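Peer 1: This is run.txt (compact mmCIF, C-alpha atoms).
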```txt
# COMPACT_ATOMS: atom_id res chain seq x y z
CA MET A 1 -137.31 53.95 -174.40
CA SER A 2 -138.80 50.46 -174.34
CA VAL A 3 -142.48 49.93 -173.61
CA SER A 4 -143.79 46.99 -171.56
CA GLN A 5 -147.14 45.24 -171.62
CA GLN A 6 -147.68 46.39 -168.05
CA GLN A 7 -147.36 50.03 -169.10
CA VAL A 8 -149.99 49.41 -171.76
CA LEU A 9 -152.30 47.76 -169.22
CA ASP A 10 -151.79 50.68 -166.82
CA GLY A 11 -152.77 53.08 -169.59
CA LEU A 12 -155.83 51.04 -170.51
CA ALA A 13 -156.93 50.90 -166.86
CA LYS A 14 -158.03 54.53 -167.24
CA VAL A 15 -160.47 53.60 -170.02
CA THR A 16 -163.91 52.30 -169.03
CA SER A 17 -166.28 50.06 -170.90
CA PRO A 18 -169.85 51.15 -171.82
CA ARG A 19 -170.93 49.50 -168.55
CA GLY A 20 -168.47 51.50 -166.47
CA VAL A 21 -166.01 48.65 -165.88
CA PRO A 22 -162.29 49.39 -166.41
CA LEU A 23 -161.32 48.05 -169.79
CA ILE A 24 -158.66 45.72 -168.39
CA HIS A 25 -161.34 44.00 -166.25
CA ALA A 26 -164.00 43.77 -168.97
CA ASP A 27 -162.67 40.46 -170.37
CA VAL A 28 -162.52 41.80 -173.92
CA LEU A 29 -158.80 42.33 -174.59
CA SER A 30 -156.75 40.10 -176.86
CA GLU A 31 -153.07 39.44 -176.28
CA ILE A 32 -151.16 42.73 -176.34
CA VAL A 33 -148.21 42.72 -178.75
CA VAL A 34 -145.48 45.31 -178.12
CA THR A 35 -142.67 45.50 -180.67
CA ASP A 36 -140.16 48.35 -180.78
CA GLY A 37 -142.65 50.88 -179.51
CA LYS A 38 -145.51 49.59 -181.70
CA VAL A 39 -148.55 48.29 -179.81
CA LEU A 40 -151.16 45.99 -181.39
CA PHE A 41 -154.21 44.37 -179.82
CA SER A 42 -157.94 43.97 -180.36
CA ILE A 43 -161.08 44.51 -178.30
CA ASN A 44 -163.41 41.54 -178.80
CA VAL A 45 -167.09 42.19 -178.08
CA ASP A 46 -170.52 40.82 -178.93
CA ALA A 47 -171.79 42.02 -182.31
CA ALA A 48 -174.93 43.45 -180.69
CA GLU A 49 -172.78 45.87 -178.63
CA ALA A 50 -170.31 46.88 -181.34
CA ARG A 51 -171.64 50.42 -181.82
CA ALA A 52 -171.35 51.24 -178.14
CA TRP A 53 -167.75 50.04 -178.08
CA GLU A 54 -166.40 52.09 -180.99
CA SER A 55 -165.77 55.14 -178.82
CA VAL A 56 -164.04 52.88 -176.28
CA ARG A 57 -161.74 51.62 -179.02
CA ALA A 58 -160.82 55.20 -179.92
CA GLN A 59 -160.19 56.08 -176.25
CA ALA A 60 -158.03 52.97 -175.81
CA GLU A 61 -155.94 53.85 -178.83
CA ALA A 62 -155.49 57.42 -177.60
CA ALA A 63 -154.48 56.16 -174.14
CA VAL A 64 -151.85 53.84 -175.64
CA ARG A 65 -150.43 56.52 -177.93
CA ALA A 66 -150.02 58.79 -174.89
CA ILE A 67 -147.64 56.33 -173.18
CA PRO A 68 -144.02 57.55 -173.33
CA GLY A 69 -142.05 55.46 -175.79
CA VAL A 70 -145.04 54.37 -177.89
CA THR A 71 -144.42 55.26 -181.53
CA GLY A 72 -147.54 53.69 -183.01
CA ALA A 73 -150.71 51.88 -182.01
CA MET A 74 -153.21 49.71 -183.85
CA VAL A 75 -156.30 48.87 -181.84
CA ALA A 76 -159.02 46.93 -183.66
CA LEU A 77 -162.61 46.36 -182.58
CA THR A 78 -163.74 42.84 -183.42
CA ALA A 79 -167.37 41.82 -183.07
CA GLU A 80 -168.97 38.42 -183.39
CA ARG A 81 -172.25 36.84 -182.40
CA LYS A 82 -171.81 34.85 -179.21
CA PRO A 83 -173.71 31.60 -178.70
CA GLY A 84 -177.12 32.25 -177.20
CA SER A 85 -177.02 36.01 -177.81
CA ALA A 86 -180.10 37.80 -179.05
CA PRO A 87 -180.45 38.32 -182.78
CA PRO A 88 -180.26 41.84 -184.24
CA ALA A 89 -183.24 44.12 -183.88
CA PRO A 90 -186.11 43.47 -186.32
CA GLN A 91 -185.51 45.06 -189.67
CA ARG A 92 -187.87 46.61 -192.13
CA HIS A 93 -187.39 46.10 -195.87
CA ASP A 94 -187.78 48.58 -198.66
CA HIS A 95 -188.99 47.76 -202.14
CA ALA A 96 -185.44 47.10 -203.37
CA GLY A 97 -185.00 44.32 -200.86
CA HIS A 98 -182.56 46.23 -198.63
CA SER A 99 -183.02 46.03 -194.88
CA HIS A 100 -182.89 48.85 -192.36
CA GLY A 101 -182.21 48.46 -188.65
CA PRO A 102 -182.32 51.09 -185.92
CA GLY A 103 -178.76 52.21 -186.79
CA GLY A 104 -179.57 52.97 -190.43
CA HIS A 105 -178.94 51.13 -193.67
CA SER A 106 -177.69 47.58 -193.43
CA HIS A 107 -177.62 44.36 -195.36
CA GLY A 108 -178.58 41.65 -192.93
CA PRO A 109 -176.48 39.85 -190.36
CA GLN A 110 -173.15 41.16 -191.67
CA SER A 111 -174.00 44.84 -191.13
CA GLY A 112 -171.48 45.10 -188.30
CA GLY A 113 -168.63 44.34 -190.71
CA VAL A 114 -167.78 44.41 -194.39
CA GLN A 115 -170.83 44.09 -196.63
CA PRO A 116 -171.18 41.02 -198.87
CA VAL A 117 -170.50 41.42 -202.57
CA SER A 118 -174.22 41.50 -203.35
CA ALA A 119 -174.53 44.61 -201.21
CA HIS A 120 -172.39 46.58 -203.65
CA ARG A 121 -174.90 46.60 -206.46
CA PRO A 122 -176.32 50.01 -207.34
CA HIS A 123 -178.66 51.41 -204.68
CA ALA A 124 -181.72 53.53 -205.18
CA ASN A 125 -180.29 56.02 -202.69
CA PRO A 126 -176.52 56.53 -203.28
CA ALA A 127 -176.12 58.08 -199.82
CA ASN A 128 -176.96 54.69 -198.32
CA SER A 129 -174.51 52.74 -200.50
CA PRO A 130 -171.45 51.19 -198.86
CA MET A 131 -169.44 53.04 -201.52
CA SER A 132 -170.70 56.38 -200.15
CA LYS A 133 -167.95 56.05 -197.50
CA GLN A 134 -165.24 56.28 -200.12
CA ALA A 135 -162.82 59.18 -199.72
CA GLU A 136 -159.70 60.08 -201.66
CA ILE A 137 -156.33 59.90 -199.95
CA PRO A 138 -154.99 63.47 -200.11
CA GLY A 139 -152.08 63.74 -202.53
CA VAL A 140 -152.61 60.30 -204.14
CA ALA A 141 -153.83 60.52 -207.73
CA ALA A 142 -154.62 56.86 -208.37
CA ILE A 143 -154.88 53.72 -206.22
CA ILE A 144 -154.51 50.32 -207.89
CA ALA A 145 -155.14 46.94 -206.28
CA VAL A 146 -152.93 44.02 -207.31
CA ALA A 147 -154.91 40.91 -206.44
CA SER A 148 -155.13 37.17 -206.99
CA GLY A 149 -157.83 34.63 -206.42
CA LYS A 150 -155.43 32.32 -204.58
CA GLY A 151 -152.03 32.38 -202.92
CA GLY A 152 -148.75 31.13 -204.36
CA VAL A 153 -149.01 32.82 -207.76
CA GLY A 154 -146.28 35.42 -207.14
CA LYS A 155 -148.63 38.34 -206.53
CA SER A 156 -146.37 40.25 -204.12
CA THR A 157 -143.30 39.88 -206.34
CA THR A 158 -145.38 41.10 -209.27
CA ALA A 159 -146.77 44.06 -207.29
CA LEU A 160 -143.30 45.21 -206.23
CA ASN A 161 -141.71 44.89 -209.66
CA LEU A 162 -144.75 46.52 -211.26
CA ALA A 163 -144.36 49.47 -208.88
CA LEU A 164 -140.70 49.71 -209.88
CA GLY A 165 -141.65 49.51 -213.55
CA LEU A 166 -144.02 52.46 -213.10
CA ARG A 167 -141.25 54.31 -211.25
CA ASP A 168 -138.97 53.82 -214.25
CA LEU A 169 -141.63 55.48 -216.41
CA GLY A 170 -141.22 58.68 -214.40
CA LEU A 171 -144.11 58.29 -211.96
CA LYS A 172 -144.00 58.89 -208.22
CA VAL A 173 -145.10 55.53 -206.80
CA GLY A 174 -146.04 54.14 -203.39
CA LEU A 175 -146.48 50.49 -202.38
CA LEU A 176 -148.84 49.38 -199.60
CA ASP A 177 -148.43 45.78 -198.48
CA ALA A 178 -152.00 45.05 -197.41
CA ASP A 179 -151.46 41.28 -197.30
CA ILE A 180 -151.98 41.31 -193.54
CA TYR A 181 -152.05 37.51 -193.24
CA GLY A 182 -148.62 37.04 -194.78
CA PRO A 183 -146.81 40.33 -195.50
CA SER A 184 -143.99 39.65 -197.98
CA VAL A 185 -142.78 43.14 -198.85
CA PRO A 186 -140.30 43.45 -195.92
CA ARG A 187 -138.46 40.36 -197.19
CA LEU A 188 -138.77 41.31 -200.87
CA THR A 189 -137.31 44.78 -200.24
CA GLY A 190 -134.82 43.89 -197.51
CA ILE A 191 -136.36 46.46 -195.17
CA ASN A 192 -135.78 45.76 -191.47
CA GLU A 193 -136.38 49.21 -190.00
CA LYS A 194 -139.55 50.47 -188.33
CA PRO A 195 -141.56 53.47 -189.57
CA THR A 196 -141.49 56.67 -187.53
CA LEU A 197 -144.27 59.19 -186.89
CA ASP A 198 -144.59 62.74 -188.20
CA ASP A 199 -145.89 65.74 -186.24
CA ASN A 200 -149.47 64.66 -187.00
CA ARG A 201 -148.85 61.20 -185.51
CA LYS A 202 -149.02 59.56 -188.93
CA MET A 203 -146.58 56.83 -189.94
CA ILE A 204 -143.92 57.89 -192.44
CA PRO A 205 -143.44 55.32 -195.24
CA ILE A 206 -140.02 53.74 -195.66
CA GLU A 207 -138.23 55.00 -198.77
CA ARG A 208 -136.51 52.26 -200.76
CA PHE A 209 -135.67 51.97 -204.47
CA GLY A 210 -137.41 55.30 -205.10
CA LEU A 211 -140.71 53.96 -203.71
CA SER A 212 -142.69 54.99 -200.61
CA ILE A 213 -143.37 51.66 -198.90
CA MET A 214 -145.58 50.64 -195.96
CA SER A 215 -146.35 47.15 -194.66
CA ILE A 216 -147.99 45.64 -191.60
CA GLY A 217 -144.84 43.53 -191.57
CA PHE A 218 -142.85 46.61 -190.50
CA LEU A 219 -144.80 46.68 -187.23
CA VAL A 220 -144.53 43.02 -186.14
CA GLU A 221 -141.78 40.41 -186.08
CA GLU A 222 -141.51 38.12 -189.10
CA GLU A 223 -142.36 35.01 -187.05
CA THR A 224 -145.46 36.55 -185.44
CA ALA A 225 -148.65 34.65 -186.33
CA MET A 226 -151.06 37.06 -188.01
CA ILE A 227 -154.50 36.00 -186.77
CA TRP A 228 -157.22 38.46 -187.78
CA ARG A 229 -161.00 38.43 -187.46
CA GLY A 230 -163.07 40.25 -190.07
CA PRO A 231 -163.55 43.56 -188.23
CA MET A 232 -159.87 43.60 -187.27
CA VAL A 233 -158.99 43.27 -190.96
CA MET A 234 -161.19 46.28 -191.69
CA SER A 235 -159.51 48.35 -189.00
CA ALA A 236 -155.99 47.38 -190.07
CA ILE A 237 -156.57 48.12 -193.76
CA THR A 238 -158.21 51.46 -192.96
CA GLN A 239 -155.32 52.52 -190.73
CA MET A 240 -152.72 51.51 -193.29
CA LEU A 241 -154.51 53.72 -195.81
CA ARG A 242 -155.42 56.69 -193.64
CA ASP A 243 -152.78 56.84 -190.89
CA VAL A 244 -149.80 56.94 -193.24
CA ALA A 245 -148.26 60.18 -194.55
CA TRP A 246 -148.16 59.14 -198.20
CA GLY A 247 -147.31 62.60 -199.50
CA THR A 248 -147.78 63.26 -203.21
CA LEU A 249 -148.02 60.13 -205.36
CA ASP A 250 -149.07 59.50 -208.93
CA VAL A 251 -149.90 55.86 -208.14
CA LEU A 252 -150.31 53.85 -204.95
CA ILE A 253 -150.01 50.11 -205.62
CA VAL A 254 -151.83 48.00 -203.02
CA ASP A 255 -150.65 44.38 -202.67
CA MET A 256 -153.83 42.62 -201.55
CA PRO A 257 -154.20 39.35 -199.64
CA PRO A 258 -155.22 36.45 -201.88
CA GLY A 259 -158.91 35.68 -202.20
CA THR A 260 -162.10 37.73 -202.23
CA GLY A 261 -162.76 38.61 -198.60
CA ASP A 262 -162.92 41.41 -196.06
CA ALA A 263 -159.66 43.09 -197.11
CA GLN A 264 -160.70 43.50 -200.75
CA LEU A 265 -164.15 44.82 -199.90
CA THR A 266 -162.81 47.15 -197.20
CA LEU A 267 -160.42 48.66 -199.72
CA ALA A 268 -163.18 49.09 -202.30
CA GLN A 269 -165.44 50.71 -199.70
CA ASN A 270 -162.79 53.05 -198.31
CA VAL A 271 -161.15 54.55 -201.39
CA PRO A 272 -162.20 55.01 -205.02
CA LEU A 273 -159.96 52.47 -206.72
CA LYS A 274 -158.91 53.47 -210.23
CA GLY A 275 -158.42 49.86 -211.17
CA ALA A 276 -157.42 46.31 -210.26
CA VAL A 277 -154.77 44.04 -211.74
CA ILE A 278 -155.34 40.28 -211.46
CA VAL A 279 -152.31 37.98 -211.20
CA SER A 280 -152.65 34.31 -212.14
CA THR A 281 -150.59 31.37 -213.30
CA PRO A 282 -151.64 29.42 -216.43
CA GLN A 283 -153.08 26.55 -214.37
CA ASP A 284 -156.80 25.88 -214.54
CA LEU A 285 -157.14 25.94 -210.73
CA ALA A 286 -155.48 29.36 -210.50
CA LEU A 287 -157.65 30.67 -213.34
CA ILE A 288 -160.84 29.54 -211.60
CA ASP A 289 -159.88 31.64 -208.58
CA ALA A 290 -158.74 34.51 -210.79
CA ARG A 291 -162.25 34.60 -212.28
CA ARG A 292 -163.69 35.00 -208.80
CA GLY A 293 -161.36 37.91 -208.08
CA LEU A 294 -162.22 39.56 -211.36
CA ALA A 295 -165.96 39.07 -210.76
CA MET A 296 -165.70 40.61 -207.29
CA PHE A 297 -164.03 43.80 -208.54
CA THR A 298 -166.59 44.04 -211.35
CA LYS A 299 -169.45 43.79 -208.86
CA VAL A 300 -168.07 46.62 -206.74
CA ASN A 301 -167.59 48.77 -209.87
CA VAL A 302 -163.79 48.71 -209.87
CA PRO A 303 -162.33 48.72 -213.40
CA VAL A 304 -160.18 45.68 -214.17
CA LEU A 305 -157.03 47.02 -215.82
CA GLY A 306 -156.04 43.56 -216.94
CA ILE A 307 -154.66 40.10 -216.17
CA ILE A 308 -150.98 39.15 -215.81
CA GLU A 309 -149.89 35.57 -216.43
CA ASN A 310 -147.10 34.98 -213.90
CA MET A 311 -144.82 31.91 -214.03
CA SER A 312 -146.00 31.73 -217.61
CA TYR A 313 -143.16 29.43 -218.68
CA PHE A 314 -139.78 28.24 -217.41
CA GLN A 315 -136.65 29.29 -219.22
CA CYS A 316 -133.52 27.32 -218.36
CA PRO A 317 -130.79 29.76 -217.29
CA GLU A 318 -128.10 27.42 -218.70
CA CYS A 319 -129.36 26.42 -222.12
CA GLY A 320 -132.27 28.81 -222.67
CA THR A 321 -134.74 25.99 -223.35
CA ARG A 322 -138.34 26.95 -222.66
CA SER A 323 -140.70 24.60 -220.79
CA ASP A 324 -144.40 25.24 -220.11
CA ILE A 325 -144.41 23.70 -216.63
CA PHE A 326 -147.85 24.99 -215.65
CA GLY A 327 -149.27 25.02 -219.15
CA HIS A 328 -149.25 28.24 -221.12
CA GLY A 329 -151.62 30.89 -222.38
CA GLY A 330 -154.44 30.18 -219.95
CA ALA A 331 -154.55 33.72 -218.58
CA ARG A 332 -154.48 35.22 -222.08
CA HIS A 333 -157.40 33.04 -223.18
CA GLU A 334 -159.27 33.90 -220.00
CA ALA A 335 -158.74 37.61 -220.60
CA GLU A 336 -160.06 37.25 -224.14
CA ARG A 337 -163.06 35.27 -222.92
CA LEU A 338 -163.89 37.83 -220.23
CA LYS A 339 -163.11 40.77 -222.53
CA VAL A 340 -160.51 42.37 -220.26
CA PRO A 341 -156.97 43.41 -221.30
CA PHE A 342 -154.17 40.86 -221.18
CA LEU A 343 -151.16 42.73 -219.78
CA GLY A 344 -148.38 40.23 -220.42
CA GLU A 345 -146.47 37.09 -219.50
CA VAL A 346 -143.81 36.92 -216.78
CA PRO A 347 -141.59 33.81 -216.91
CA LEU A 348 -140.61 31.55 -214.03
CA HIS A 349 -136.92 32.37 -213.83
CA MET A 350 -134.14 31.90 -211.30
CA SER A 351 -133.19 35.58 -211.38
CA ILE A 352 -136.65 36.75 -210.34
CA ARG A 353 -136.79 34.25 -207.48
CA ALA A 354 -133.23 34.73 -206.26
CA MET A 355 -133.29 38.52 -206.38
CA SER A 356 -136.66 38.61 -204.60
CA ASP A 357 -135.35 36.41 -201.78
CA ALA A 358 -132.27 38.64 -201.49
CA GLY A 359 -134.36 41.80 -201.08
CA THR A 360 -133.23 43.31 -204.39
CA PRO A 361 -136.07 42.89 -206.91
CA VAL A 362 -135.08 42.10 -210.47
CA VAL A 363 -136.08 45.52 -211.84
CA VAL A 364 -133.47 46.99 -209.46
CA SER A 365 -130.79 44.28 -209.64
CA GLU A 366 -130.98 43.77 -213.42
CA PRO A 367 -132.53 47.01 -214.74
CA ASN A 368 -131.38 46.36 -218.31
CA GLY A 369 -132.38 42.70 -218.34
CA PRO A 370 -135.31 41.08 -220.16
CA HIS A 371 -137.41 40.62 -217.02
CA ALA A 372 -137.22 44.28 -216.03
CA ALA A 373 -138.33 45.11 -219.57
CA ILE A 374 -141.39 42.88 -219.16
CA TYR A 375 -142.47 44.66 -215.97
CA ARG A 376 -141.92 48.07 -217.56
CA ALA A 377 -143.99 47.02 -220.60
CA ILE A 378 -146.83 45.98 -218.28
CA GLY A 379 -146.42 49.24 -216.37
CA THR A 380 -146.64 51.19 -219.62
CA GLN A 381 -150.05 49.68 -220.39
CA ILE A 382 -151.31 50.51 -216.91
CA ARG A 383 -149.90 54.04 -217.07
CA ASP A 384 -151.60 54.65 -220.42
CA ARG A 385 -154.95 53.55 -218.98
CA LEU A 386 -154.49 55.82 -215.98
CA GLN A 387 -153.03 58.81 -217.82
CA GLY A 388 -156.24 60.81 -217.78
CA VAL A 389 -156.73 60.21 -214.07
CA ILE A 390 -153.16 61.21 -213.19
CA ALA A 391 -153.23 64.30 -215.44
CA ALA A 392 -156.48 65.47 -213.87
CA ALA A 393 -155.02 65.07 -210.37
```
Written as structure tokens, how would this file's structure read?

Peer 2:
Amino acid sequence: MSVSQQQVLDGLAKVTSPRGVPLIHADVLSEIVVTDGKVLFSINVDAAEARAWESVRAQAEAAVRAIPGVTGAMVALTAERKPGSAPPAPQRHDHAGHSHGPGGHSHGPQSGGVQPVSAHRPHANPANSPMSKQAEIPGVAAIIAVASGKGGVGKSTTALNLALGLRDLGLKVGLLDADIYGPSVPRLTGINEKPTLDDNRKMIPIERFGLSIMSIGFLVEEETAMIWRGPMVMSAITQMLRDVAWGTLDVLIVDMPPGTGDAQLTLAQNVPLKGAVIVSTPQDLALIDARRGLAMFTKVNVPVLGIIENMSYFQCPECGTRSDIFGHGGARHEAERLKVPFLGEVPLHMSIRAMSDAGTPVVVSEPNGPHAAIYRAIGTQIRDRLQGVIAAA
């Protein structure tokens, strides 16, 4: 049964704003996207009213899910300061320099969204720390973030093949494509189907190559422009973590968006990450951004499992000649300088690119080849570092 935008609007007409106005007349709704029974939209309000609107967001999501034919809903609350609006209520400061508003502990003007990196330093009162909101995902022993300081370094390809390498080592592995700005996993895995819901209204991951896979790209068309404000990023990441029936996993690999923004901090605040893997090319520019990513995870007390140098060198498929197109060894030297493990070098090779574009990653298409062996060797190092965590779980 297909669902129309008008059906969604009719359902939302029953929800009222904090001022008693029907939601559809409150001038706060973004464009409503309906794709194969999946409904996505945001509620955009002034930051000063965000708390009052959270219950409205929950009611709106419940109203949409109740519409016949709707198989999933993602409703985000976005809040921003509007020109001319009043500043937040006066805040008192404790001796540690932290500020407290009428709603509790905060860290200045960003308290309505993800806290800045400086907010993740140890607090005198752990109950007030942003990390106090962390909660395990039932059944998942270890969650690892695969991140990069910048785009274009092959992070998603690395995350997928790393997940497959860990699978080959006998682990039960899941892959969450949290790169909400440009989800690549649907193309890299050749998955075109949409996730279904279980009896608890949680999305069931798509099984492919022995992995449990979920991506925001499964819910929207490939050509859809992914335009997210900060609070919407928070909501999307949280739902992809919590509203998915992951089952029992030894490791959940999370393919992060590039950079050091809301998505990374939301993940660190929501779940206790067992580690982060940084992907970089040998270029100086990529390494500068990789340092930022590494520094961010260090500041939020996430162990850095190591650095991978991707596109480390080019090996001609015809003659076997090796060329250091982007330089070579930069990531290894950076790992040594920063005293973090260097996990290995992955070459720039036609097989990796071609198989990724075809939706059959190289660890699957050429399981006995040299590139699959590289990913398994990197996976072995990560597994060994996580062995105590997995055994305890």

Peer 1: Near A:Ile278, counting all atoms listed in the file, which residues have an atom at most 7 Å away, once you skip same-chain residues fewer than 4 positions from it, shown as a count of residues only?

Peer 2: 8

Peer 1: Identify which of the residues A:Gly330, A:Gly139, A:Gly320, A:Pro186 lies closest to A:Pro361, counting all atoms listed in the file when measuring atom-to-atom distances.

Peer 2: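 Among A:Gly330, A:Gly139, A:Gly320, A:Pro186, it is A:Pro186 that comes nearest to A:Pro361.
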
Peer 1: Once 6 Å is added on each side, what centre and edge lengths in Å to one decimal does the axis-aligned box around all listed atoms of stretch 194-205 of chain A have, as JSON?

Peer 2:
```
{"center_x": -144.5, "center_y": 58.1, "center_z": -190.4, "size_x": 21.9, "size_y": 27.3, "size_z": 21.7}
```

Peer 1: Name the closest residue to A:Gly379 among the candidates A:Lys14, A:Lys38, A:Arg167, A:Arg19; distances are taken between atoms, counting all atoms listed in the file.

Peer 2: A:Arg167

Peer 1: Counting all atoms listed in the file, figure out which residue out of A:Leu338, A:Gly37, A:Leu273, A:Asp179 gets nearest to A:Ala295.

Peer 2: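 Nearest candidate to A:Ala295 out of A:Leu338, A:Gly37, A:Leu273, A:Asp179: A:Leu338.
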
Peer 1: Starting from the point (-149.2, 52.9, -187.5), work out which residues of protein, DNA or RNA have an atom no more than 7 Å away when counting all atoms listed in the file; state them as an MDAnalysis selection string.

Peer 2: chainID A and resid 72:74 202:203 239:240 243
